[in-house]
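Participant: File name work29.tsv; file contents TSV, C-alpha atoms (C1' of nucleotides); full text below.
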```tsv
chain	number	residue	atom	x	y	z
G	77	MET	CA	0.00	0.00	0.00
G	78	PRO	CA	1.39	3.42	-0.89
G	79	ARG	CA	1.97	5.79	1.97
G	80	ALA	CA	0.24	9.09	2.56
G	81	SER	CA	1.77	10.15	5.81
G	82	VAL	CA	1.32	13.09	8.10
G	83	GLN	CA	4.65	14.37	6.84
G	84	GLU	CA	3.10	15.29	3.53
G	85	ARG	CA	1.09	18.12	4.99
G	86	ASN	CA	3.30	21.00	4.09
G	87	ASP	CA	0.78	23.72	4.78
G	88	ALA	CA	1.43	24.54	8.39
G	89	THR	CA	-1.97	26.03	9.01
G	90	TYR	CA	-3.81	22.93	7.88
G	91	TRP	CA	-4.50	21.77	11.40
G	92	ARG	CA	-6.28	25.00	12.29
G	93	GLU	CA	-9.18	24.28	9.98
G	94	PHE	CA	-10.54	22.52	13.01
G	95	ASP	CA	-11.16	25.85	14.71
G	96	ARG	CA	-12.57	27.45	11.65
G	97	ASN	CA	-15.12	24.73	11.08
G	98	THR	CA	-18.47	26.21	10.08
G	99	LEU	CA	-20.10	24.52	13.00
G	100	SER	CA	-18.72	23.77	16.43
G	101	HIS	CA	-19.46	20.50	18.10
G	102	SER	CA	-21.82	22.01	20.64
G	103	MET	CA	-23.65	24.15	18.10
G	104	ALA	CA	-24.27	21.06	15.99
G	105	HIS	CA	-25.88	19.39	18.97
G	106	TYR	CA	-28.05	22.40	19.79
G	107	LEU	CA	-29.39	22.27	16.26
G	108	MET	CA	-30.06	18.54	16.41
G	109	ALA	CA	-31.75	18.92	19.78
G	110	ILE	CA	-34.25	21.40	18.34
G	111	ASP	CA	-34.88	19.10	15.41
G	112	ARG	CA	-35.46	16.12	17.63
G	113	LEU	CA	-37.65	17.98	20.11
G	114	ARG	CA	-39.88	19.27	17.35
G	115	ALA	CA	-40.19	15.73	16.03
G	116	ASP	CA	-40.84	14.21	19.46
G	117	LEU	CA	-42.88	16.88	21.25
G	118	GLY	CA	-44.00	19.07	18.40
G	119	TYR	CA	-42.24	22.10	19.87
G	120	ALA	CA	-38.95	23.18	21.39
G	121	ARG	CA	-38.26	25.80	24.02
G	122	THR	CA	-34.97	26.95	25.51
G	123	THR	CA	-35.62	24.93	28.63
G	124	ASP	CA	-36.35	21.76	26.68
G	125	VAL	CA	-33.12	22.08	24.76
G	126	ALA	CA	-31.16	22.69	27.95
G	127	GLU	CA	-32.73	19.65	29.53
G	128	MET	CA	-32.09	17.40	26.55
G	129	LEU	CA	-28.43	18.35	26.33
G	130	GLU	CA	-28.04	18.54	30.09
G	131	VAL	CA	-26.65	22.03	30.16
G	132	SER	CA	-27.90	24.99	32.21
G	133	ARG	CA	-30.68	27.16	30.83
G	134	GLY	CA	-28.20	30.02	30.75
G	135	ALA	CA	-25.83	28.13	28.49
G	136	ALA	CA	-28.68	27.12	26.19
G	137	SER	CA	-30.00	30.67	26.11
G	138	MET	CA	-26.67	32.07	24.98
G	139	ALA	CA	-25.96	29.32	22.49
G	140	LEU	CA	-29.40	29.75	20.93
G	141	ALA	CA	-28.88	33.51	20.73
G	142	GLN	CA	-25.76	32.75	18.69
G	143	LEU	CA	-27.63	30.41	16.40
G	144	LYS	CA	-30.39	32.97	15.90
G	145	LYS	CA	-27.81	35.60	15.05
G	146	ARG	CA	-26.33	33.26	12.46
G	147	GLY	CA	-29.75	32.74	10.95
G	148	TRP	CA	-30.07	29.03	11.66
G	149	VAL	CA	-32.70	29.24	14.37
G	150	GLY	CA	-35.85	31.34	14.58
G	151	GLU	CA	-39.03	31.56	16.64
G	152	ASP	CA	-42.59	30.94	15.62
G	153	PRO	CA	-45.37	33.39	16.56
G	154	ASN	CA	-45.69	31.69	19.94
G	155	ARG	CA	-41.96	32.13	20.61
G	156	PHE	CA	-41.23	28.43	20.17
G	157	LEU	CA	-37.91	27.60	18.58
G	158	LEU	CA	-37.67	26.44	15.01
G	159	LEU	CA	-34.98	25.79	12.44
G	160	THR	CA	-34.77	28.14	9.49
G	161	GLU	CA	-34.30	26.67	6.03
G	162	ALA	CA	-30.55	27.20	6.31
G	163	GLY	CA	-30.66	25.67	9.79
G	164	LYS	CA	-32.51	22.63	8.52
G	165	ARG	CA	-30.02	22.10	5.72
G	166	ILE	CA	-27.03	22.15	8.00
G	167	THR	CA	-28.74	20.03	10.65
G	168	ARG	CA	-29.70	17.39	8.13
G	169	LEU	CA	-26.13	17.28	6.94
G	170	VAL	CA	-24.75	16.63	10.40
G	171	GLU	CA	-27.43	14.05	11.15
G	172	GLN	CA	-26.69	12.24	7.93
G	173	ASN	CA	-23.00	12.24	8.70
G	174	PHE	CA	-23.71	10.83	12.13
G	175	GLU	CA	-25.94	8.12	10.77
G	176	THR	CA	-23.52	7.16	8.04
G	177	LEU	CA	-20.53	7.02	10.34
G	178	ALA	CA	-22.31	5.14	13.10
G	179	ARG	CA	-23.63	2.54	10.69
G	180	PHE	CA	-20.30	2.24	8.98
G	181	PHE	CA	-18.48	1.65	12.24
G	182	GLU	CA	-21.04	-0.79	13.54
G	183	GLN	CA	-22.25	-2.66	10.50
G	184	VAL	CA	-19.19	-2.64	8.28
G	185	LEU	CA	-16.31	-2.44	10.74
G	186	GLY	CA	-18.11	-4.49	13.36
G	187	ALA	CA	-17.43	-2.14	16.24
G	188	GLU	CA	-19.48	-2.29	19.43
G	189	ARG	CA	-22.54	-0.12	19.14
G	190	ASP	CA	-21.44	2.14	21.99
G	191	VAL	CA	-18.03	2.71	20.51
G	192	ALA	CA	-19.49	3.24	17.06
G	193	PHE	CA	-21.94	5.82	18.38
G	194	ALA	CA	-19.40	7.63	20.52
G	195	ASP	CA	-16.91	7.89	17.67
G	196	ALA	CA	-19.58	8.99	15.21
G	197	CYS	CA	-20.89	11.56	17.67
G	198	LYS	CA	-17.46	13.12	17.95
G	199	MET	CA	-16.71	13.15	14.23
G	200	GLU	CA	-20.09	13.84	12.63
G	201	HIS	CA	-19.82	17.60	12.22
G	202	LEU	CA	-16.22	17.44	11.01
G	203	MET	CA	-16.63	15.20	7.98
G	204	SER	CA	-17.16	17.18	4.80
G	205	MET	CA	-20.35	16.71	2.81
G	206	ASP	CA	-18.38	15.28	-0.07
G	207	THR	CA	-16.69	12.64	2.05
G	208	GLY	CA	-19.97	11.85	3.77
G	209	ARG	CA	-21.71	11.19	0.48
G	210	ARG	CA	-18.86	9.06	-0.72
G	211	LEU	CA	-18.91	6.99	2.44
G	212	LEU	CA	-22.64	6.49	2.05
G	213	ALA	CA	-22.12	5.32	-1.52
G	214	LEU	CA	-19.49	2.82	-0.41
G	215	MET	CA	-21.77	1.47	2.27
G	216	ARG	CA	-24.62	1.00	-0.12
G	217	TYR	CA	-22.28	-0.94	-2.33
G	218	LEU	CA	-20.83	-3.07	0.44
G	219	LEU	CA	-24.09	-3.80	2.21
G	220	ASN	CA	-26.36	-4.34	-0.78
G	221	ASP	CA	-24.31	-7.09	-2.32
G	222	ASP	CA	-24.96	-10.05	-0.05
G	223	ALA	CA	-21.93	-12.05	-1.04
G	224	LEU	CA	-19.59	-9.13	-0.74
G	225	SER	CA	-21.21	-8.01	2.48
G	226	ALA	CA	-20.75	-11.46	3.96
G	227	LYS	CA	-17.11	-11.58	2.94
G	228	VAL	CA	-16.41	-8.22	4.50
G	229	ARG	CA	-18.24	-9.16	7.66
G	230	GLU	CA	-16.34	-12.39	7.86
G	231	HIS	CA	-13.05	-10.64	7.45
G	232	MET	CA	-13.90	-8.06	10.08
G	233	ALA	CA	-15.05	-10.74	12.47
G	234	SER	CA	-11.40	-11.63	13.03
G	235	PHE	CA	-11.40	-8.68	15.39
G	236	LYS	CA	-12.95	-10.68	18.17
G	237	GLU	CA	-9.49	-11.80	19.22
P	1373	MET	CA	-30.54	-1.02	5.25
P	1374	PRO	CA	-31.59	-0.90	8.91
P	1375	ARG	CA	-31.60	2.49	10.53
P	1376	ALA	CA	-29.41	3.60	13.41
P	1377	SER	CA	-30.46	7.17	13.77
P	1378	VAL	CA	-29.44	9.98	16.01
P	1379	GLN	CA	-32.70	9.48	17.86
P	1380	GLU	CA	-31.38	6.30	19.40
P	1381	ARG	CA	-28.93	8.11	21.58
P	1382	ASN	CA	-30.86	8.21	24.78
P	1383	ASP	CA	-27.98	9.14	27.01
P	1384	ALA	CA	-28.15	12.90	26.99
P	1385	THR	CA	-24.54	13.39	27.97
P	1386	TYR	CA	-23.22	11.37	25.06
P	1387	TRP	CA	-22.31	14.41	23.03
P	1388	ARG	CA	-20.07	15.78	25.77
P	1389	GLU	CA	-17.52	13.02	25.36
P	1390	PHE	CA	-16.09	15.36	22.80
P	1391	ASP	CA	-14.88	17.70	25.54
P	1392	ARG	CA	-13.61	14.92	27.68
P	1393	ASN	CA	-11.44	13.45	24.96
P	1394	THR	CA	-8.05	12.42	26.30
P	1395	LEU	CA	-6.36	14.64	23.81
P	1396	SER	CA	-7.48	17.95	22.40
P	1397	HIS	CA	-7.00	18.73	18.76
P	1398	SER	CA	-4.27	21.26	19.40
P	1399	MET	CA	-2.41	19.05	21.87
P	1400	ALA	CA	-2.37	16.25	19.31
P	1401	HIS	CA	-0.74	18.57	16.82
P	1402	TYR	CA	1.86	19.78	19.30
P	1403	LEU	CA	2.88	16.17	19.88
P	1404	MET	CA	3.05	15.40	16.18
P	1405	ALA	CA	5.08	18.54	15.54
P	1406	ILE	CA	7.72	17.41	18.02
P	1407	ASP	CA	7.79	13.98	16.43
P	1408	ARG	CA	8.17	15.38	12.96
P	1409	LEU	CA	10.79	17.94	13.93
P	1410	ARG	CA	12.92	15.31	15.58
P	1411	ALA	CA	12.65	13.19	12.46
P	1412	ASP	CA	13.39	16.08	10.10
P	1413	LEU	CA	15.91	18.19	12.01
P	1414	GLY	CA	17.05	15.79	14.70
P	1415	TYR	CA	15.84	18.12	17.45
P	1416	ALA	CA	12.87	20.22	18.50
P	1417	ARG	CA	12.76	23.45	20.45
P	1418	THR	CA	9.81	25.53	21.57
P	1419	THR	CA	10.44	28.02	18.79
P	1420	ASP	CA	10.58	25.32	16.12
P	1421	VAL	CA	7.27	23.92	17.26
P	1422	ALA	CA	5.70	27.38	17.29
P	1423	GLU	CA	6.99	28.02	13.81
P	1424	MET	CA	5.78	24.72	12.42
P	1425	LEU	CA	2.30	25.15	13.79
P	1426	GLU	CA	2.26	28.88	13.12
P	1427	VAL	CA	1.35	29.90	16.62
P	1428	SER	CA	3.13	32.41	18.84
P	1429	ARG	CA	6.06	31.25	20.96
P	1430	GLY	CA	4.01	32.09	24.01
P	1431	ALA	CA	1.23	29.74	22.99
P	1432	ALA	CA	3.71	26.97	22.26
P	1433	SER	CA	5.47	27.55	25.55
P	1434	MET	CA	2.28	27.15	27.54
P	1435	ALA	CA	0.97	24.21	25.56
P	1436	LEU	CA	4.28	22.40	25.97
P	1437	ALA	CA	4.25	23.10	29.69
P	1438	GLN	CA	0.88	21.35	29.79
P	1439	LEU	CA	2.20	18.38	27.86
P	1440	LYS	CA	5.22	18.15	30.16
P	1441	LYS	CA	2.94	18.22	33.19
P	1442	ARG	CA	0.94	15.37	31.70
P	1443	GLY	CA	4.11	13.38	31.20
P	1444	TRP	CA	4.00	13.19	27.42
P	1445	VAL	CA	6.87	15.55	26.70
P	1446	GLY	CA	10.27	15.87	28.33
P	1447	GLU	CA	13.62	17.53	27.71
P	1448	ASP	CA	16.98	16.00	26.97
P	1449	PRO	CA	20.13	17.17	28.82
P	1450	ASN	CA	20.51	20.02	26.31
P	1451	ARG	CA	16.96	21.17	26.97
P	1452	PHE	CA	15.71	19.98	23.59
P	1453	LEU	CA	12.18	18.63	23.54
P	1454	LEU	CA	11.46	14.95	23.31
P	1455	LEU	CA	8.50	12.64	23.59
P	1456	THR	CA	8.33	10.35	26.60
P	1457	GLU	CA	7.37	6.72	26.07
P	1458	ALA	CA	3.76	7.56	26.91
P	1459	GLY	CA	3.98	10.55	24.59
P	1460	LYS	CA	5.30	8.41	21.76
P	1461	ARG	CA	2.51	5.90	22.20
P	1462	ILE	CA	-0.23	8.46	22.01
P	1463	THR	CA	1.41	10.32	19.15
P	1464	ARG	CA	1.80	7.17	17.12
P	1465	LEU	CA	-1.85	6.44	17.67
P	1466	VAL	CA	-3.00	9.78	16.34
P	1467	GLU	CA	-0.60	9.61	13.42
P	1468	GLN	CA	-1.85	6.16	12.52
P	1469	ASN	CA	-5.43	7.37	12.71
P	1470	PHE	CA	-4.57	10.26	10.44
P	1471	GLU	CA	-2.83	8.05	7.94
P	1472	THR	CA	-5.60	5.49	7.92
P	1473	LEU	CA	-8.36	8.05	7.51
P	1474	ALA	CA	-6.55	10.06	4.86
P	1475	ARG	CA	-5.79	6.97	2.80
P	1476	PHE	CA	-9.29	5.65	3.25
P	1477	PHE	CA	-10.85	8.90	2.07
P	1478	GLU	CA	-8.48	9.29	-0.84
P	1479	GLN	CA	-7.80	5.76	-2.02
P	1480	VAL	CA	-11.03	4.01	-1.18
P	1481	LEU	CA	-13.61	6.76	-1.30
P	1482	GLY	CA	-11.83	8.60	-4.10
P	1483	ALA	CA	-11.96	12.01	-2.45
P	1484	GLU	CA	-9.65	14.80	-3.56
P	1485	ARG	CA	-6.39	14.65	-1.69
P	1486	ASP	CA	-6.93	18.06	-0.09
P	1487	VAL	CA	-10.38	17.17	1.14
P	1488	ALA	CA	-9.20	13.78	2.35
P	1489	PHE	CA	-6.34	15.36	4.28
P	1490	ALA	CA	-8.43	18.15	5.75
P	1491	ASP	CA	-11.13	15.75	6.93
P	1492	ALA	CA	-8.59	13.30	8.33
P	1493	CYS	CA	-6.75	16.11	10.11
P	1494	LYS	CA	-9.92	17.15	11.89
P	1495	MET	CA	-11.00	13.66	12.87
P	1496	GLU	CA	-7.73	11.86	13.59
P	1497	HIS	CA	-7.59	12.36	17.35
P	1498	LEU	CA	-11.28	11.59	17.84
P	1499	MET	CA	-11.43	8.11	16.36
P	1500	SER	CA	-10.96	5.42	18.99
P	1501	MET	CA	-8.06	3.02	18.72
P	1502	ASP	CA	-10.46	0.15	18.21
P	1503	THR	CA	-12.25	1.79	15.32
P	1504	GLY	CA	-8.94	2.88	13.83
P	1505	ARG	CA	-7.61	-0.65	13.82
P	1506	ARG	CA	-10.80	-1.96	12.31
P	1507	LEU	CA	-10.70	0.61	9.55
P	1508	LEU	CA	-7.12	-0.34	8.82
P	1509	ALA	CA	-8.11	-3.98	8.58
P	1510	LEU	CA	-10.90	-3.17	6.16
P	1511	MET	CA	-8.57	-1.16	3.98
P	1512	ARG	CA	-6.02	-3.93	3.83
P	1513	TYR	CA	-8.79	-6.23	2.73
P	1514	LEU	CA	-10.22	-3.87	0.14
P	1515	LEU	CA	-6.92	-2.72	-1.31
P	1516	ASN	CA	-5.02	-6.00	-1.33
P	1517	ASP	CA	-7.55	-7.90	-3.40
P	1518	ASP	CA	-7.05	-6.47	-6.86
P	1519	ALA	CA	-10.39	-7.53	-8.26
P	1520	LEU	CA	-12.32	-6.27	-5.29
P	1521	SER	CA	-10.26	-3.12	-5.13
P	1522	ALA	CA	-10.98	-2.42	-8.79
P	1523	LYS	CA	-14.69	-2.97	-8.31
P	1524	VAL	CA	-14.82	-0.61	-5.38
P	1525	ARG	CA	-12.83	2.00	-7.22
P	1526	GLU	CA	-15.06	1.67	-10.22
P	1527	HIS	CA	-18.16	2.08	-8.11
P	1528	MET	CA	-16.76	5.12	-6.34
P	1529	ALA	CA	-15.73	6.67	-9.63
P	1530	SER	CA	-19.38	7.46	-10.27
P	1531	PHE	CA	-18.76	10.42	-8.00
P	1532	LYS	CA	-17.15	12.41	-10.75
P	1533	GLU	CA	-20.56	13.77	-11.69
I	979	DA	C1'	-54.62	42.12	44.11
I	980	DA	C1'	-50.88	39.16	45.73
I	981	DC	C1'	-48.07	35.15	45.50
I	982	DA	C1'	-45.74	31.05	43.55
I	983	DG	C1'	-43.86	28.51	39.52
I	984	DG	C1'	-41.94	28.04	35.39
I	985	DT	C1'	-39.29	30.39	31.67
I	986	DG	C1'	-35.72	33.17	29.51
I	987	DT	C1'	-31.89	36.43	30.02
I	988	DT	C1'	-27.94	38.43	32.10
I	989	DA	C1'	-23.77	38.67	35.13
I	990	DA	C1'	-19.64	36.83	37.19
I	991	DG	C1'	-16.30	33.36	37.15
I	992	DG	C1'	-13.61	29.16	35.25
I	993	DC	C1'	-11.16	26.61	31.73
I	994	DT	C1'	-8.88	26.20	27.09
I	995	DC	C1'	-6.13	28.18	23.68
I	996	DC	C1'	-4.90	31.93	21.02
I	997	DT	C1'	-2.21	36.90	20.45
I	998	DA	C1'	0.77	40.67	21.56
I	999	DA	C1'	3.99	42.56	24.39
I	1000	DA	C1'	7.24	42.86	28.21
I	1001	DC	C1'	11.06	40.60	30.07
I	1002	DA	C1'	15.08	37.44	31.56
I	1003	DA	C1'	18.93	34.89	30.13
I	1004	DG	C1'	22.43	32.81	27.09
I	1005	DA	C1'	25.67	33.31	22.68
I	1006	DG	C1'	28.30	35.67	19.45
I	1007	DG	C1'	30.50	40.01	17.33
I	1008	DT	C1'	33.11	44.03	17.97
M	1226	DA	C1'	32.99	44.63	28.55
M	1227	DC	C1'	29.10	45.87	25.74
M	1228	DC	C1'	25.65	45.42	22.50
M	1229	DT	C1'	22.43	42.62	20.00
M	1230	DC	C1'	19.97	38.58	18.47
M	1231	DT	C1'	17.64	34.48	19.68
M	1232	DT	C1'	15.12	31.82	22.85
M	1233	DG	C1'	11.79	30.84	26.34
M	1234	DT	C1'	8.50	32.46	29.84
M	1235	DT	C1'	5.07	35.41	31.81
M	1236	DT	C1'	1.24	38.68	31.70
M	1237	DA	C1'	-2.91	40.81	30.04
M	1238	DG	C1'	-6.67	40.38	27.13
M	1239	DG	C1'	-10.05	38.05	23.90
M	1240	DA	C1'	-13.21	34.28	22.10
M	1241	DG	C1'	-15.84	29.94	22.95
M	1242	DC	C1'	-18.67	27.43	26.21
M	1243	DC	C1'	-19.72	25.93	30.53
M	1244	DT	C1'	-21.72	26.89	35.70
M	1245	DT	C1'	-24.27	29.23	39.35
M	1246	DA	C1'	-26.95	32.87	40.81
M	1247	DA	C1'	-29.73	36.89	40.40
M	1248	DC	C1'	-33.44	38.97	37.85
M	1249	DA	C1'	-37.50	40.13	34.97
M	1250	DC	C1'	-41.83	38.23	33.13
M	1251	DC	C1'	-45.87	35.75	32.48
M	1252	DT	C1'	-49.47	32.89	34.11
M	1253	DG	C1'	-52.53	30.52	37.06
M	1254	DT	C1'	-54.04	30.22	41.94
M	1255	DT	C1'	-56.07	31.76	45.92
```
Represent the structure contained in this file as structure tokens.

Facilitator:
Amino acid sequence: MPRASVQERNDATYWREFDRNTLSHSMAHYLMAIDRLRADLGYARTTDVAEMLEVSRGAASMALAQLKKRGWVGEDPNRFLLLTEAGKRITRLVEQNFETLARFFEQVLGAERDVAFADACKMEHLMSMDTGRRLLALMRYLLNDDALSAKVREHMASFKE
Amino acid sequence: MPRASVQERNDATYWREFDRNTLSHSMAHYLMAIDRLRADLGYARTTDVAEMLEVSRGAASMALAQLKKRGWVGEDPNRFLLLTEAGKRITRLVEQNFETLARFFEQVLGAERDVAFADACKMEHLMSMDTGRRLLALMRYLLNDDALSAKVREHMASFKE
DNA sequence: AACAGGTGTTAAGGCTCCTAAACAAGAGGT
DNA sequence: ACCTCTTGTTTAGGAGCCTTAACACCTGTT
């Protein structure tokens, strides 16, 4: 296998893209919390979000103010929280990345569900849309072909040891 | 394909594991910078690290103090920086994760090298050792079998559109 | 009308990690 | 000996995100 090592990164500022990510980890989860609350309860208030994420109401209040300022979150006439169109787009993207990664780790790599979820949860908002779509395409290919799928699973099963 | 959605994460504090990661993104890069400098120049000083990562000397000084306190970085008799055994272990882990992810994105998923590197750089320190090893095993399997490798590549090539 | 609860915001403080700037100490040139 | 450059550390200040605590509001009792 050819090597593509860390050494090849000549651009010294490469590693800082982490900071400059469009969406921070916590912001991603605030967005998903609103989405999930609206699906589960039909509405989402600051307090509900705080409770779901287990942060203080103060923290949620300030984070949501940020997200409103960025145009990803709005309020309906009754002052309930909702995602704007832009907010929905970005939330869907992160959720898809989470789902793809978690399923890839669990179903293709054979990782324990907990590990798969924890890893996916940490990486979801960092994977680019392009890479996410590619990974999804690979999974469809690997999992839809029964013979191939079985071979991969068999090979990965050697990880029990 | 069965679904493993975000909704299944019932533990509300799941998402905070991000914060509690053993190694922050920047700390990981300080460790790798020392490793690379010692390989390239034969030594590493605070200033060299600062220069490589393009941060101020002050920032490097404080970050390195942290890493020394955690027992991952030490100094040789001439006050040059070096990785302790524990430091080497953790650094190697992150580097392997980077290499595995970058090659997976580029060679298996067919992503552009820049995108592959950027994504890998952001995710490297967040992928668990277990998942990393599994991914490596999958890649060996996919890339060592020429026929299979070709089929996967062909399928992923549809992403040109 | 007055009080109690639940809700949302704001203020003060902590931790991480950055910058810029002041400073101490060693190394070499004149 | 003196001056200067490089190196490393420290300090002050800012941004992100959290906590606790104080506050302002609204709403439903009583």

Participant: Find the spatial neighbours of Lys164 (chain G), counting all atoms listed in the file, within a cut-off of 9 Å - ignore same-chain residues fewer than 4 positions away - and output them as a ChimeraX atom specification.

Facilitator: /G:107,111,148-149,159-160,168-169

Participant: Give me, as a PyMOL selection string, the residues of chain M touching chain P, with the criterion being at most 9 Å (counting all atoms listed in the file).

Facilitator: chain M and resi 1232-1235

Participant: Kindly save the residues from that selection, with C-alpha atoms (C1' of nucleotides) included, as a compact mmCIF listing (two decimals), in the coordinates of the input.

Facilitator:
```
# COMPACT_ATOMS: atom_id res chain seq x y z
C1' DT M 1232 15.12 31.82 22.85
C1' DG M 1233 11.79 30.84 26.34
C1' DT M 1234 8.50 32.46 29.84
C1' DT M 1235 5.07 35.41 31.81
```

Participant: To one decimal place in Å, what is the distance between CA of Trp91 (chain G) and CA of Ser1396 (chain P)?

Facilitator: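 CA of Ser1396 (chain P) lies at a distance of 12.0 Å from CA of Trp91 (chain G).
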
Participant: Identify, on the basis of only C-alpha atoms (C1' of nucleotides), every residue whose closest approach to Leu158 (chain G) does not exceed 8 Å; exclude the query and any residue fewer than 3 positions from it along the same chain; express the result as a list in words.

Facilitator: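 Skipping anything fewer than 3 positions along the chain leaves Ile110, Asp111, Arg114, Tyr119, Ala120, Val149, Gly150, Glu151 and Asp152 of chain G.
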
Participant: Which one is closest to chain G: I:DA990, I:DC996, I:DG1004, I:DT985? Count all atoms listed in the file.

Facilitator: I:DT985

Participant: Which of these, P:Ser1428, P:Thr1463, P:Thr1472, P:Gln1438, has the shortest distance to DT994 (chain I) once you count all atoms listed in the file?

Facilitator: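 Answer, going by the shortest atom-to-atom distance: P:Gln1438.
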
Participant: Would you kindly report the residues of chain P within 6 Å of chain G, using all atoms listed in the file, as a VMD selection string?

Facilitator: chain P and resid 1377 1384 1390 1424 to 1425 1471 1481 1491 1494 to 1495 1499 1506

Participant: Quick one, how far is CA of Arg146 (chain G) from CA of Asn173 (chain G)?

Facilitator: 21.6 Å

Participant: Kindly determine which residues of chain I lie within 10 Å of chain G, considering all atoms listed in the file, and give the answer as a PyMOL selection string.

Facilitator: chain I and resi 984-988

Participant: Go ahead and compute the interatomic distance for C1' of DA989 (chain I) and C1' of DA1237 (chain M), in Å to one decimal.

Facilitator: 21.6 Å

Participant: Taking all atoms of region 1422-1431 of chain P that the file lists, what box with edges along x, y and z, padded by 3 Å per side, do you get, with centre and edge lengths in Å to one decimal, as AutoDock Vina command-line options?

Facilitator:
```
--center_x 4.1 --center_y 28.6 --center_z 18.2 --size_x 11.8 --size_y 13.7 --size_z 17.6
```

Participant: When you look at DT1229 (chain M) with a cut-off of 12 Å (counting only C-alpha atoms (C1' of nucleotides)), what residues show up, excluding the ones that are within fewer than 6 positions of it in the same chain? I need them as a VMD selection string.

Facilitator: chain I and resid 1005 to 1008

Participant: Using all atoms listed in the file, pick whichever of G:Leu157, G:Lys144, G:Thr98, G:Tyr106 has the shortest atom-to-atom distance to Ala126 (chain G).

Facilitator: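 Nearest candidate to Ala126 (chain G) out of G:Leu157, G:Lys144, G:Thr98, G:Tyr106: G:Tyr106.
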
Participant: List as JSON, numbers by chain: which residues have an atom within 10 Å of (-10.7, 33.2, 21.7), counting only C-alpha atoms (C1' of nucleotides)?

Facilitator: {"I": [994, 995, 996, 997], "M": [1238, 1239, 1240, 1241]}
